[in-house]
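The file input-v1.tsv contains TSV, C-alpha atoms (C1' of nucleotides):
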```
chain	number	residue	atom	x	y	z
A	1	MET	CA	0.00	0.00	0.00
A	2	VAL	CA	1.24	3.46	-0.80
A	3	ASP	CA	1.58	5.59	2.25
A	4	LYS	CA	0.36	9.09	1.68
A	5	LYS	CA	1.25	10.05	5.21
A	6	THR	CA	5.01	9.72	4.80
A	7	LYS	CA	5.02	13.35	3.85
A	8	ASN	CA	7.72	13.57	1.24
A	9	TRP	CA	9.84	11.32	-0.82
A	10	ALA	CA	12.69	13.41	0.47
A	11	GLY	CA	14.76	12.88	-2.62
A	12	CYS	CA	11.89	12.89	-5.06
A	13	PRO	CA	12.45	10.73	-8.14
A	14	VAL	CA	10.28	12.90	-10.34
A	15	ARG	CA	12.13	16.03	-9.34
A	16	PHE	CA	15.39	14.18	-9.93
A	17	GLY	CA	14.28	13.14	-13.40
A	18	MET	CA	13.28	16.68	-14.23
A	19	SER	CA	16.65	17.97	-13.10
A	20	GLN	CA	18.50	15.45	-15.25
A	21	PHE	CA	16.65	15.48	-18.56
A	22	GLY	CA	13.49	17.43	-17.89
A	23	ASP	CA	13.09	19.87	-20.65
A	24	LYS	CA	11.72	19.71	-24.12
A	25	TRP	CA	15.05	19.86	-25.92
A	26	SER	CA	16.71	17.20	-23.78
A	27	PHE	CA	13.80	14.86	-24.39
A	28	LEU	CA	14.01	15.41	-28.12
A	29	ILE	CA	17.75	14.76	-28.16
A	30	ILE	CA	17.22	11.54	-26.23
A	31	ARG	CA	14.48	10.58	-28.67
A	32	ASP	CA	16.83	11.20	-31.59
A	33	LEU	CA	19.51	9.03	-30.04
A	34	MET	CA	17.14	6.30	-28.95
A	35	PHE	CA	14.85	5.92	-31.93
A	36	LYS	CA	16.18	7.82	-34.90
A	37	GLY	CA	19.77	6.79	-35.18
A	38	ARG	CA	21.00	10.35	-34.94
A	39	LYS	CA	24.35	10.84	-33.27
A	40	TYR	CA	26.10	13.95	-34.60
A	41	TYR	CA	25.64	17.52	-33.51
A	42	ASN	CA	24.47	18.57	-36.91
A	43	GLU	CA	22.03	15.70	-37.18
A	44	PHE	CA	20.30	17.00	-34.07
A	45	LEU	CA	20.41	20.51	-35.43
A	46	GLU	CA	18.89	19.48	-38.72
A	47	ALA	CA	16.27	17.22	-37.15
A	48	GLY	CA	13.78	19.90	-37.99
A	49	GLU	CA	12.65	20.78	-34.50
A	50	GLY	CA	14.28	24.19	-34.67
A	51	ILE	CA	16.69	24.02	-31.77
A	52	SER	CA	19.26	26.83	-31.64
A	53	THR	CA	22.94	26.06	-31.80
A	54	ASN	CA	23.73	27.43	-28.37
A	55	ILE	CA	20.86	25.55	-26.74
A	56	LEU	CA	21.83	22.32	-28.44
A	57	ALA	CA	25.43	22.68	-27.28
A	58	ASN	CA	24.23	23.45	-23.79
A	59	ARG	CA	21.83	20.49	-23.58
A	60	LEU	CA	24.42	18.08	-24.95
A	61	ALA	CA	26.86	19.30	-22.31
A	62	ASP	CA	24.25	18.94	-19.56
A	63	LEU	CA	23.22	15.47	-20.64
A	64	GLU	CA	26.85	14.44	-20.80
A	65	HIS	CA	27.49	15.98	-17.40
A	66	ASN	CA	24.56	14.03	-16.01
A	67	GLY	CA	25.92	10.81	-17.46
A	68	ILE	CA	23.01	10.24	-19.81
A	69	ILE	CA	25.05	10.57	-22.98
A	70	SER	CA	28.72	10.22	-23.84
A	71	LYS	CA	30.80	11.99	-26.45
A	72	HIS	CA	33.49	10.39	-28.58
A	73	GLN	CA	35.62	11.60	-31.41
A	74	ASP	CA	34.70	9.98	-34.69
A	75	ARG	CA	37.50	7.63	-35.67
A	76	ILE	CA	37.24	8.27	-39.38
A	77	LYS	CA	36.55	11.98	-39.40
A	78	ARG	CA	38.21	13.41	-36.37
A	79	SER	CA	36.46	16.74	-36.64
A	80	LYS	CA	33.19	15.02	-35.83
A	81	TYR	CA	31.91	13.81	-32.49
A	82	ILE	CA	29.63	10.90	-31.90
A	83	TYR	CA	27.07	11.17	-29.13
A	84	ARG	CA	25.72	7.99	-27.59
A	85	LEU	CA	23.33	7.08	-24.84
A	86	THR	CA	25.08	5.66	-21.82
A	87	GLU	CA	23.61	2.78	-19.85
A	88	LYS	CA	21.84	5.39	-17.75
A	89	GLY	CA	20.45	7.00	-20.89
A	90	ILE	CA	19.41	3.70	-22.40
A	91	ALA	CA	17.57	2.94	-19.17
A	92	LEU	CA	15.17	5.74	-20.02
A	93	MET	CA	13.70	3.57	-22.75
A	94	PRO	CA	10.76	2.24	-20.72
A	95	MET	CA	9.78	5.78	-19.87
A	96	MET	CA	10.03	6.86	-23.48
A	97	LEU	CA	8.02	3.88	-24.65
A	98	ALA	CA	5.35	4.62	-22.05
A	99	MET	CA	5.21	8.16	-23.35
A	100	ILE	CA	4.87	6.99	-26.93
A	101	ASP	CA	2.12	4.60	-25.94
A	102	TRP	CA	0.29	7.41	-24.17
A	103	ALA	CA	0.66	9.89	-27.02
A	104	GLU	CA	-0.57	7.41	-29.56
A	105	LYS	CA	-3.71	6.93	-27.49
A	106	PHE	CA	-4.52	10.60	-27.02
A	107	ASP	CA	-3.18	12.39	-30.05
A	108	GLN	CA	-4.93	11.93	-33.36
A	109	GLN	CA	-1.96	13.37	-35.17
A	110	THR	CA	0.65	11.09	-33.73
A	111	GLU	CA	2.01	8.86	-36.46
A	112	VAL	CA	3.87	6.03	-34.90
A	113	PRO	CA	4.26	3.16	-37.38
A	114	PRO	CA	1.39	0.75	-36.63
A	115	GLU	CA	3.69	-2.24	-36.30
A	116	PHE	CA	5.71	-0.36	-33.72
A	117	ILE	CA	2.72	0.44	-31.58
A	118	GLN	CA	1.32	-3.04	-32.02
A	119	LYS	CA	4.57	-4.60	-30.90
A	120	LEU	CA	4.77	-2.13	-28.03
A	121	ARG	CA	1.40	-3.27	-26.74
A	122	GLN	CA	1.63	-6.95	-27.47
A	123	ASN	CA	5.23	-7.70	-26.67
A	124	PRO	CA	7.00	-4.72	-25.16
A	125	ASP	CA	9.97	-6.75	-23.95
A	126	LYS	CA	10.69	-8.03	-27.42
A	127	LEU	CA	10.41	-4.56	-28.92
A	128	GLN	CA	12.77	-3.28	-26.31
A	129	GLN	CA	15.30	-6.01	-27.08
A	130	GLU	CA	15.19	-5.06	-30.73
A	131	LEU	CA	15.66	-1.39	-29.99
A	132	LEU	CA	18.56	-2.15	-27.67
A	133	ARG	CA	20.25	-4.25	-30.33
A	134	GLN	CA	19.95	-1.37	-32.76
A	135	LEU	CA	21.55	0.99	-30.28
A	136	GLU	CA	24.52	-1.30	-29.93
A	137	HIS	CA	25.10	-1.22	-33.65
A	138	ASN	CA	25.70	2.51	-33.52
B	1	MET	CA	11.42	-4.07	-36.74
B	2	VAL	CA	11.79	-0.36	-36.31
B	3	ASP	CA	12.27	1.39	-39.58
B	4	LYS	CA	14.82	4.14	-39.33
B	5	LYS	CA	14.29	5.02	-42.95
B	6	THR	CA	10.74	6.33	-42.53
B	7	LYS	CA	12.33	9.64	-41.82
B	8	ASN	CA	9.94	11.22	-39.38
B	9	TRP	CA	7.13	10.22	-37.17
B	10	ALA	CA	5.34	13.14	-38.68
B	11	GLY	CA	3.29	13.79	-35.60
B	12	CYS	CA	5.96	12.83	-33.12
B	13	PRO	CA	4.64	11.36	-29.88
B	14	VAL	CA	7.54	12.66	-27.83
B	15	ARG	CA	7.08	16.17	-29.15
B	16	PHE	CA	3.37	15.85	-28.44
B	17	GLY	CA	4.04	14.76	-24.89
B	18	MET	CA	6.40	17.67	-24.35
B	19	SER	CA	3.82	20.09	-25.65
B	20	GLN	CA	1.16	18.73	-23.33
B	21	PHE	CA	2.91	18.30	-20.01
B	22	GLY	CA	6.58	18.78	-20.79
B	23	ASP	CA	7.99	21.05	-18.24
B	24	LYS	CA	9.23	20.68	-14.73
B	25	TRP	CA	6.26	22.30	-13.02
B	26	SER	CA	3.63	20.36	-14.95
B	27	PHE	CA	5.37	17.13	-14.07
B	28	LEU	CA	5.46	18.03	-10.41
B	29	ILE	CA	1.78	18.94	-10.40
B	30	ILE	CA	0.95	15.62	-12.03
B	31	ARG	CA	3.10	13.87	-9.46
B	32	ASP	CA	1.25	15.62	-6.65
B	33	LEU	CA	-2.10	14.60	-8.07
B	34	MET	CA	-1.04	11.06	-8.85
B	35	PHE	CA	0.95	10.06	-5.81
B	36	LYS	CA	0.55	12.58	-3.06
B	37	GLY	CA	-3.16	13.10	-2.78
B	38	ARG	CA	-2.86	16.82	-3.33
B	39	LYS	CA	-5.76	18.45	-5.10
B	40	TYR	CA	-6.10	22.12	-4.08
B	41	TYR	CA	-4.25	25.10	-5.48
B	42	ASN	CA	-2.70	25.88	-2.15
B	43	GLU	CA	-1.62	22.31	-1.58
B	44	PHE	CA	0.44	22.51	-4.76
B	45	LEU	CA	1.77	25.88	-3.68
B	46	GLU	CA	2.79	24.58	-0.30
B	47	ALA	CA	4.26	21.36	-1.59
B	48	GLY	CA	7.63	22.87	-0.95
B	49	GLU	CA	8.97	22.91	-4.47
B	50	GLY	CA	8.84	26.69	-4.63
B	51	ILE	CA	6.54	27.25	-7.55
B	52	SER	CA	5.31	30.83	-7.97
B	53	THR	CA	1.63	31.61	-7.83
B	54	ASN	CA	1.44	32.88	-11.39
B	55	ILE	CA	3.28	29.88	-12.79
B	56	LEU	CA	1.09	27.48	-10.83
B	57	ALA	CA	-2.07	29.16	-12.09
B	58	ASN	CA	-0.70	29.09	-15.61
B	59	ARG	CA	0.29	25.41	-15.51
B	60	LEU	CA	-3.03	24.38	-14.01
B	61	ALA	CA	-4.81	26.23	-16.79
B	62	ASP	CA	-2.62	24.63	-19.46
B	63	LEU	CA	-3.06	21.14	-18.05
B	64	GLU	CA	-6.79	21.68	-17.89
B	65	HIS	CA	-6.81	23.05	-21.41
B	66	ASN	CA	-4.94	19.96	-22.57
B	67	GLY	CA	-7.46	17.70	-20.88
B	68	ILE	CA	-4.99	16.21	-18.42
B	69	ILE	CA	-6.67	17.61	-15.34
B	70	SER	CA	-10.15	18.85	-14.52
B	71	LYS	CA	-11.32	21.52	-12.13
B	72	HIS	CA	-14.39	21.32	-9.91
B	73	GLN	CA	-15.79	23.55	-7.26
B	74	ASP	CA	-15.56	21.99	-3.84
B	75	ARG	CA	-19.05	21.08	-2.72
B	76	ILE	CA	-18.51	21.87	0.92
B	77	LYS	CA	-16.39	24.99	0.64
B	78	ARG	CA	-17.37	26.69	-2.54
B	79	SER	CA	-14.42	29.04	-2.51
B	80	LYS	CA	-12.13	26.07	-3.11
B	81	TYR	CA	-11.49	24.16	-6.30
B	82	ILE	CA	-10.58	20.52	-6.58
B	83	TYR	CA	-8.18	19.51	-9.31
B	84	ARG	CA	-8.27	15.94	-10.55
B	85	LEU	CA	-6.48	13.90	-13.14
B	86	THR	CA	-8.70	13.04	-16.06
B	87	GLU	CA	-8.54	9.65	-17.73
B	88	LYS	CA	-5.92	11.14	-20.02
B	89	GLY	CA	-3.93	12.30	-17.01
B	90	ILE	CA	-4.28	9.02	-15.18
B	91	ALA	CA	-2.97	7.31	-18.30
B	92	LEU	CA	0.37	8.97	-17.65
B	93	MET	CA	0.89	6.65	-14.72
B	94	PRO	CA	3.00	4.06	-16.55
B	95	MET	CA	5.31	6.83	-17.70
B	96	MET	CA	5.58	8.23	-14.21
B	97	LEU	CA	6.25	4.81	-12.74
B	98	ALA	CA	8.94	4.19	-15.35
B	99	MET	CA	10.51	7.46	-14.37
B	100	ILE	CA	10.42	6.58	-10.69
B	101	ASP	CA	11.97	3.19	-11.41
B	102	TRP	CA	14.73	4.89	-13.39
B	103	ALA	CA	15.46	7.53	-10.78
B	104	GLU	CA	15.63	5.00	-8.01
B	105	LYS	CA	18.29	3.12	-9.97
B	106	PHE	CA	20.48	6.09	-10.75
B	107	ASP	CA	20.03	8.52	-7.91
B	108	GLN	CA	21.51	7.71	-4.55
B	109	GLN	CA	19.40	10.38	-2.93
B	110	THR	CA	16.07	9.21	-4.20
B	111	GLU	CA	13.99	7.99	-1.31
B	112	VAL	CA	11.12	6.01	-2.65
B	113	PRO	CA	9.68	3.78	0.07
B	114	PRO	CA	11.31	0.37	-0.40
B	115	GLU	CA	8.00	-1.47	-0.49
B	116	PHE	CA	6.84	0.83	-3.27
B	117	ILE	CA	9.86	0.16	-5.43
B	118	GLN	CA	9.75	-3.53	-4.65
B	119	LYS	CA	6.15	-3.75	-5.69
B	120	LEU	CA	6.89	-1.67	-8.77
B	121	ARG	CA	9.49	-4.16	-9.91
B	122	GLN	CA	7.82	-7.38	-8.84
B	123	ASN	CA	4.22	-6.70	-9.66
B	124	PRO	CA	3.76	-3.39	-11.43
B	125	ASP	CA	0.22	-4.17	-12.54
B	126	LYS	CA	-0.91	-4.74	-8.99
B	127	LEU	CA	0.76	-1.55	-7.80
B	128	GLN	CA	-0.93	0.34	-10.54
B	129	GLN	CA	-4.31	-1.09	-9.60
B	130	GLU	CA	-3.78	0.06	-6.04
B	131	LEU	CA	-2.77	3.54	-7.11
B	132	LEU	CA	-5.75	3.80	-9.42
B	133	ARG	CA	-8.09	2.79	-6.63
B	134	GLN	CA	-6.63	5.51	-4.44
B	135	LEU	CA	-7.20	8.07	-7.16
B	136	GLU	CA	-10.83	7.15	-7.37
B	137	HIS	CA	-11.28	7.78	-3.67
B	138	ASN	CA	-10.36	11.43	-4.15
C	1	DA	C1'	47.36	27.31	-49.85
C	2	DA	C1'	42.48	28.23	-49.96
C	3	DT	C1'	37.97	26.52	-49.11
C	4	DT	C1'	34.73	23.82	-46.79
C	5	DT	C1'	32.87	21.17	-42.95
C	6	DA	C1'	31.59	20.43	-38.24
C	7	DA	C1'	31.06	21.91	-33.87
C	8	DC	C1'	30.67	25.11	-31.35
C	9	DT	C1'	30.83	30.45	-28.96
C	10	DT	C1'	29.45	35.20	-28.49
C	11	DG	C1'	26.41	39.18	-28.47
C	12	DT	C1'	21.85	40.89	-28.61
C	13	DT	C1'	16.80	40.70	-28.59
C	14	DT	C1'	12.71	38.39	-27.07
C	15	DT	C1'	10.30	35.40	-24.07
C	16	DT	C1'	9.62	33.19	-19.85
C	17	DT	C1'	10.15	32.87	-15.02
C	18	DG	C1'	10.42	34.43	-10.25
C	19	DC	C1'	9.13	37.53	-6.76
C	20	DA	C1'	6.23	40.80	-4.32
C	21	DA	C1'	2.12	42.92	-3.95
C	22	DG	C1'	-2.69	43.49	-5.03
C	23	DT	C1'	-7.59	41.80	-6.16
C	24	DT	C1'	-11.94	39.14	-5.66
C	25	DA	C1'	-15.37	36.24	-3.84
C	26	DA	C1'	-16.78	33.26	-0.33
C	27	DA	C1'	-16.69	31.87	4.44
C	28	DT	C1'	-15.85	32.68	9.15
C	29	DT	C1'	-15.56	35.54	13.36
C	30	DA	C1'	-16.70	39.47	16.42
D	1	DT	C1'	-24.11	42.53	10.13
D	2	DA	C1'	-19.73	44.40	9.71
D	3	DA	C1'	-14.91	43.14	9.77
D	4	DT	C1'	-11.54	39.65	9.07
D	5	DT	C1'	-9.75	35.67	7.06
D	6	DT	C1'	-9.24	32.14	3.52
D	7	DA	C1'	-8.47	30.56	-1.11
D	8	DA	C1'	-7.47	31.33	-5.62
D	9	DC	C1'	-5.90	33.85	-8.38
D	10	DT	C1'	-3.86	38.54	-11.28
D	11	DT	C1'	-0.62	42.24	-12.09
D	12	DG	C1'	3.79	44.64	-12.51
D	13	DC	C1'	8.49	44.50	-12.57
D	14	DA	C1'	13.26	42.52	-12.33
D	15	DA	C1'	16.05	38.54	-13.48
D	16	DA	C1'	17.05	34.48	-16.04
D	17	DA	C1'	16.70	31.68	-20.05
D	18	DA	C1'	15.83	31.01	-24.87
D	19	DA	C1'	15.88	32.44	-29.76
D	20	DC	C1'	18.31	34.60	-33.41
D	21	DA	C1'	22.25	36.08	-36.04
D	22	DA	C1'	26.89	36.24	-36.62
D	23	DG	C1'	31.57	34.89	-35.62
D	24	DT	C1'	35.40	31.47	-34.30
D	25	DT	C1'	38.30	27.26	-34.47
D	26	DA	C1'	40.28	23.06	-35.91
D	27	DA	C1'	40.32	19.49	-39.08
D	28	DA	C1'	39.52	17.76	-43.66
D	29	DT	C1'	39.07	18.43	-48.49
D	30	DT	C1'	40.02	20.72	-52.94
```
Would you encode the structure as structure tokens?
Amino acid sequence: MVDKKTKNWAGCPVRFGMSQFGDKWSFLIIRDLMFKGRKYYNEFLEAGEGISTNILANRLADLEHNGIISKHQDRIKRSKYIYRLTEKGIALMPMMLAMIDWAEKFDQQTEVPPEFIQKLRQNPDKLQQELLRQLEHN
Amino acid sequence: MVDKKTKNWAGCPVRFGMSQFGDKWSFLIIRDLMFKGRKYYNEFLEAGEGISTNILANRLADLEHNGIISKHQDRIKRSKYIYRLTEKGIALMPMMLAMIDWAEKFDQQTEVPPEFIQKLRQNPDKLQQELLRQLEHN
DNA sequence: AATTTAACTTGTTTTTTGCAAGTTAAATTA
DNA sequence: TAATTTAACTTGCAAAAAACAAGTTAAATT
């Protein structure tokens, strides 16, 4: 039973989440990394959401500082940097999937591929395994 | 299989989510409604997070406008208003629980009651049923 | 050697937030 | 019943953050 009397979750998990990745742009960067295969600064920039260069740089730095993403020099083109989700970042997948599930239910306009949403509802673990495998290929 | 080639989820569910409840204060209000039994304007104000009165009023109005919460006059004291999660708001519970699970893993300071987190990991459906029942009692 | 690419940084304007004080309507108290 | 208190806001202003435009730097390409 959940105890409403224990006044506060002193270190509140929701507040913690918000402090680590809790703004629009951070969420969208995590989405890009998790589901869209984007990994370079300019791929995020050109994702079409309209983020400004300074804000992008700032959010990438924050996310890296919070251990949600990591930054590596590209081996082939050393002027490029590859951003990746860390284990901590990858662990946000259930939350992201829950959000996608929710949005698909309540937003007419949301266009998640039907087979994605079907898999999400019928066999979420399997979908997650597939997504994780894709992340490792990056 | 997730198709990375279908360039965009034209109506992106993550962007939709962010537009509906995607800022720190909205999240904290939803948390208060979902887990803490708070339902009056001044309970949110005094929750200790330090939200300003104008921002609280604004976020409540936005959440109501987005259909995530509803506002009713208190029957006993008609100068008070009761805020409640709608079905759409209640449906955010899996996302919130995923967030709590995540935070508990990665934040030393997070203090979720152990029996809550244990239940969340061992029998999430049952926990959710219990939480839903509590919401209906409000 | 000159240009282009990629990832930023800097300066300025605009928007949003935070803070303090004020308003309104209902309920309680004197 | 008049005066005070409670509850939920609104308003005005200062401070912080975001958006916009332009500039910098280092590496790679021409």
Report as JSON lines: every residue of chain C with an atom at most 10 Å from chain B, its closest pair of atoms, and their distance in Å to one decimal, counting only C-alpha atoms (C1' of nucleotides), with rows sorted by chain and ascending residue number.
```
{"residue": "C:DT17", "atom": "C1'", "partner": "B:Ile55", "partner_atom": "CA", "distance": 7.8}
{"residue": "C:DG18", "atom": "C1'", "partner": "B:Ser52", "partner_atom": "CA", "distance": 6.7}
{"residue": "C:DC19", "atom": "C1'", "partner": "B:Ser52", "partner_atom": "CA", "distance": 7.8}
{"residue": "C:DA25", "atom": "C1'", "partner": "B:Ser79", "partner_atom": "CA", "distance": 7.4}
{"residue": "C:DA26", "atom": "C1'", "partner": "B:Ser79", "partner_atom": "CA", "distance": 5.3}
{"residue": "C:DA27", "atom": "C1'", "partner": "B:Ser79", "partner_atom": "CA", "distance": 7.8}
```
After a least-squares superposition on chain A over all sequentially paired C-alpha atoms, what is chain B as an mmCIF file with C-alpha atoms, keeping the file's coordinate frame?
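Output file result.cif follows:
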```
data_model
loop_
_atom_site.group_PDB
_atom_site.id
_atom_site.type_symbol
_atom_site.label_atom_id
_atom_site.label_comp_id
_atom_site.auth_asym_id
_atom_site.auth_seq_id
_atom_site.Cartn_x
_atom_site.Cartn_y
_atom_site.Cartn_z
ATOM 1 C CA MET B 1 0.177 -0.015 -0.064
ATOM 2 C CA VAL B 2 1.322 3.477 -0.827
ATOM 3 C CA ASP B 3 1.648 5.553 2.267
ATOM 4 C CA LYS B 4 0.415 9.063 1.729
ATOM 5 C CA LYS B 5 1.323 9.971 5.266
ATOM 6 C CA THR B 6 5.091 9.700 4.796
ATOM 7 C CA LYS B 7 4.953 13.294 3.768
ATOM 8 C CA ASN B 8 7.729 13.558 1.241
ATOM 9 C CA TRP B 9 9.857 11.322 -0.821
ATOM 10 C CA ALA B 10 12.699 13.397 0.457
ATOM 11 C CA GLY B 11 14.778 12.893 -2.631
ATOM 12 C CA CYS B 12 11.900 12.873 -5.064
ATOM 13 C CA PRO B 13 12.456 10.717 -8.137
ATOM 14 C CA VAL B 14 10.285 12.887 -10.346
ATOM 15 C CA ARG B 15 12.142 16.018 -9.333
ATOM 16 C CA PHE B 16 15.396 14.172 -9.945
ATOM 17 C CA GLY B 17 14.277 13.135 -13.396
ATOM 18 C CA MET B 18 13.276 16.688 -14.234
ATOM 19 C CA SER B 19 16.635 17.971 -13.106
ATOM 20 C CA GLN B 20 18.479 15.458 -15.249
ATOM 21 C CA PHE B 21 16.641 15.477 -18.549
ATOM 22 C CA GLY B 22 13.489 17.459 -17.881
ATOM 23 C CA ASP B 23 13.062 19.870 -20.646
ATOM 24 C CA LYS B 24 11.711 19.722 -24.132
ATOM 25 C CA TRP B 25 15.049 19.853 -25.924
ATOM 26 C CA SER B 26 16.713 17.198 -23.783
ATOM 27 C CA PHE B 27 13.805 14.876 -24.406
ATOM 28 C CA LEU B 28 14.015 15.410 -28.132
ATOM 29 C CA ILE B 29 17.749 14.759 -28.156
ATOM 30 C CA ILE B 30 17.205 11.543 -26.224
ATOM 31 C CA ARG B 31 14.485 10.586 -28.668
ATOM 32 C CA ASP B 32 16.828 11.190 -31.588
ATOM 33 C CA LEU B 33 19.512 9.038 -30.023
ATOM 34 C CA MET B 34 17.133 6.307 -28.953
ATOM 35 C CA PHE B 35 14.851 5.928 -31.928
ATOM 36 C CA LYS B 36 16.178 7.821 -34.882
ATOM 37 C CA GLY B 37 19.778 6.779 -35.140
ATOM 38 C CA ARG B 38 21.009 10.338 -34.926
ATOM 39 C CA LYS B 39 24.353 10.814 -33.255
ATOM 40 C CA TYR B 40 26.120 13.932 -34.589
ATOM 41 C CA TYR B 41 25.652 17.515 -33.491
ATOM 42 C CA ASN B 42 24.483 18.556 -36.905
ATOM 43 C CA GLU B 43 22.048 15.686 -37.176
ATOM 44 C CA PHE B 44 20.303 16.977 -34.064
ATOM 45 C CA LEU B 45 20.420 20.488 -35.462
ATOM 46 C CA GLU B 46 18.899 19.415 -38.731
ATOM 47 C CA ALA B 47 16.283 17.185 -37.189
ATOM 48 C CA GLY B 48 13.793 19.860 -38.020
ATOM 49 C CA GLU B 49 12.650 20.745 -34.542
ATOM 50 C CA GLY B 50 14.291 24.152 -34.714
ATOM 51 C CA ILE B 51 16.678 23.995 -31.814
ATOM 52 C CA SER B 52 19.251 26.800 -31.690
ATOM 53 C CA THR B 53 22.931 26.019 -31.832
ATOM 54 C CA ASN B 54 23.683 27.414 -28.395
ATOM 55 C CA ILE B 55 20.819 25.543 -26.769
ATOM 56 C CA LEU B 56 21.822 22.303 -28.470
ATOM 57 C CA ALA B 57 25.414 22.674 -27.306
ATOM 58 C CA ASN B 58 24.199 23.471 -23.819
ATOM 59 C CA ARG B 59 21.812 20.507 -23.612
ATOM 60 C CA LEU B 60 24.408 18.101 -24.955
ATOM 61 C CA ALA B 61 26.835 19.316 -22.317
ATOM 62 C CA ASP B 62 24.237 18.974 -19.556
ATOM 63 C CA LEU B 63 23.210 15.492 -20.644
ATOM 64 C CA GLU B 64 26.839 14.471 -20.784
ATOM 65 C CA HIS B 65 27.475 16.021 -17.399
ATOM 66 C CA ASN B 66 24.543 14.059 -16.005
ATOM 67 C CA GLY B 67 25.909 10.838 -17.443
ATOM 68 C CA ILE B 68 23.002 10.256 -19.805
ATOM 69 C CA ILE B 69 25.044 10.585 -22.966
ATOM 70 C CA SER B 70 28.713 10.244 -23.830
ATOM 71 C CA LYS B 71 30.812 11.996 -26.425
ATOM 72 C CA HIS B 72 33.499 10.384 -28.563
ATOM 73 C CA GLN B 73 35.627 11.620 -31.374
ATOM 74 C CA ASP B 74 34.724 9.989 -34.646
ATOM 75 C CA ARG B 75 37.531 7.658 -35.618
ATOM 76 C CA ILE B 76 37.285 8.274 -39.323
ATOM 77 C CA LYS B 77 36.604 11.995 -39.358
ATOM 78 C CA ARG B 78 38.245 13.430 -36.324
ATOM 79 C CA SER B 79 36.489 16.755 -36.614
ATOM 80 C CA LYS B 80 33.210 15.022 -35.796
ATOM 81 C CA TYR B 81 31.917 13.820 -32.461
ATOM 82 C CA ILE B 82 29.626 10.893 -31.877
ATOM 83 C CA TYR B 83 27.075 11.178 -29.112
ATOM 84 C CA ARG B 84 25.746 7.998 -27.560
ATOM 85 C CA LEU B 85 23.337 7.086 -24.833
ATOM 86 C CA THR B 86 25.079 5.667 -21.809
ATOM 87 C CA GLU B 87 23.602 2.789 -19.849
ATOM 88 C CA LYS B 88 21.846 5.402 -17.747
ATOM 89 C CA GLY B 89 20.433 6.994 -20.883
ATOM 90 C CA ILE B 90 19.400 3.703 -22.410
ATOM 91 C CA ALA B 91 17.573 2.946 -19.175
ATOM 92 C CA LEU B 92 15.170 5.745 -20.029
ATOM 93 C CA MET B 93 13.706 3.581 -22.752
ATOM 94 C CA PRO B 94 10.768 2.230 -20.738
ATOM 95 C CA MET B 95 9.789 5.785 -19.879
ATOM 96 C CA MET B 96 10.038 6.862 -23.484
ATOM 97 C CA LEU B 97 8.022 3.885 -24.658
ATOM 98 C CA ALA B 98 5.360 4.631 -22.052
ATOM 99 C CA MET B 99 5.218 8.156 -23.345
ATOM 100 C CA ILE B 100 4.877 6.994 -26.931
ATOM 101 C CA ASP B 101 2.109 4.591 -25.942
ATOM 102 C CA TRP B 102 0.303 7.424 -24.170
ATOM 103 C CA ALA B 103 0.646 9.894 -27.016
ATOM 104 C CA GLU B 104 -0.579 7.412 -29.554
ATOM 105 C CA LYS B 105 -3.733 6.941 -27.484
ATOM 106 C CA PHE B 106 -4.529 10.597 -27.009
ATOM 107 C CA ASP B 107 -3.194 12.381 -30.044
ATOM 108 C CA GLN B 108 -4.939 11.941 -33.345
ATOM 109 C CA GLN B 109 -1.965 13.383 -35.157
ATOM 110 C CA THR B 110 0.638 11.090 -33.728
ATOM 111 C CA GLU B 111 1.996 8.887 -36.461
ATOM 112 C CA VAL B 112 3.853 6.047 -34.900
ATOM 113 C CA PRO B 113 4.223 3.196 -37.386
ATOM 114 C CA PRO B 114 1.369 0.785 -36.646
ATOM 115 C CA GLU B 115 3.661 -2.215 -36.334
ATOM 116 C CA PHE B 116 5.701 -0.340 -33.748
ATOM 117 C CA ILE B 117 2.708 0.454 -31.592
ATOM 118 C CA GLN B 118 1.310 -3.022 -32.041
ATOM 119 C CA LYS B 119 4.537 -4.578 -30.921
ATOM 120 C CA LEU B 120 4.755 -2.113 -28.050
ATOM 121 C CA ARG B 121 1.396 -3.237 -26.742
ATOM 122 C CA GLN B 122 1.609 -6.937 -27.493
ATOM 123 C CA ASN B 123 5.194 -7.693 -26.671
ATOM 124 C CA PRO B 124 6.980 -4.705 -25.193
ATOM 125 C CA ASP B 125 9.928 -6.741 -23.955
ATOM 126 C CA LYS B 126 10.665 -8.028 -27.419
ATOM 127 C CA LEU B 127 10.396 -4.554 -28.917
ATOM 128 C CA GLN B 128 12.755 -3.270 -26.324
ATOM 129 C CA GLN B 129 15.257 -6.015 -27.073
ATOM 130 C CA GLU B 130 15.166 -5.067 -30.730
ATOM 131 C CA LEU B 131 15.661 -1.395 -29.990
ATOM 132 C CA LEU B 132 18.537 -2.153 -27.659
ATOM 133 C CA ARG B 133 20.220 -4.260 -30.306
ATOM 134 C CA GLN B 134 19.935 -1.387 -32.754
ATOM 135 C CA LEU B 135 21.538 0.956 -30.261
ATOM 136 C CA GLU B 136 24.495 -1.323 -29.905
ATOM 137 C CA HIS B 137 25.090 -1.256 -33.637
ATOM 138 C CA ASN B 138 25.724 2.483 -33.498
#
```
Quiz item: In Å to one decimal, how far is CA of Arg15 (chain B) from CA of Ser26 (chain A)?
Solution: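 Atom-to-atom, CA of Ser26 (chain A) and CA of Arg15 (chain B) are spaced 11.1 Å apart.
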Practice problem: Pick out the residues sitting within 10 Å of DT14 (chain C), and hand them over as a list in words; count all atoms listed in the file, and ignore anything fewer than 3 positions along from it in its own chain. | Solution: DA18, DA19 and DC20 of chain D
Quiz item: How far is it from C1' of DA16 (chain D) to CA of Arg59 (chain B), in Å with one decimal?
Solution: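 Interatomic distance, C1' of DA16 (chain D) to CA of Arg59 (chain B): 19.1 Å.
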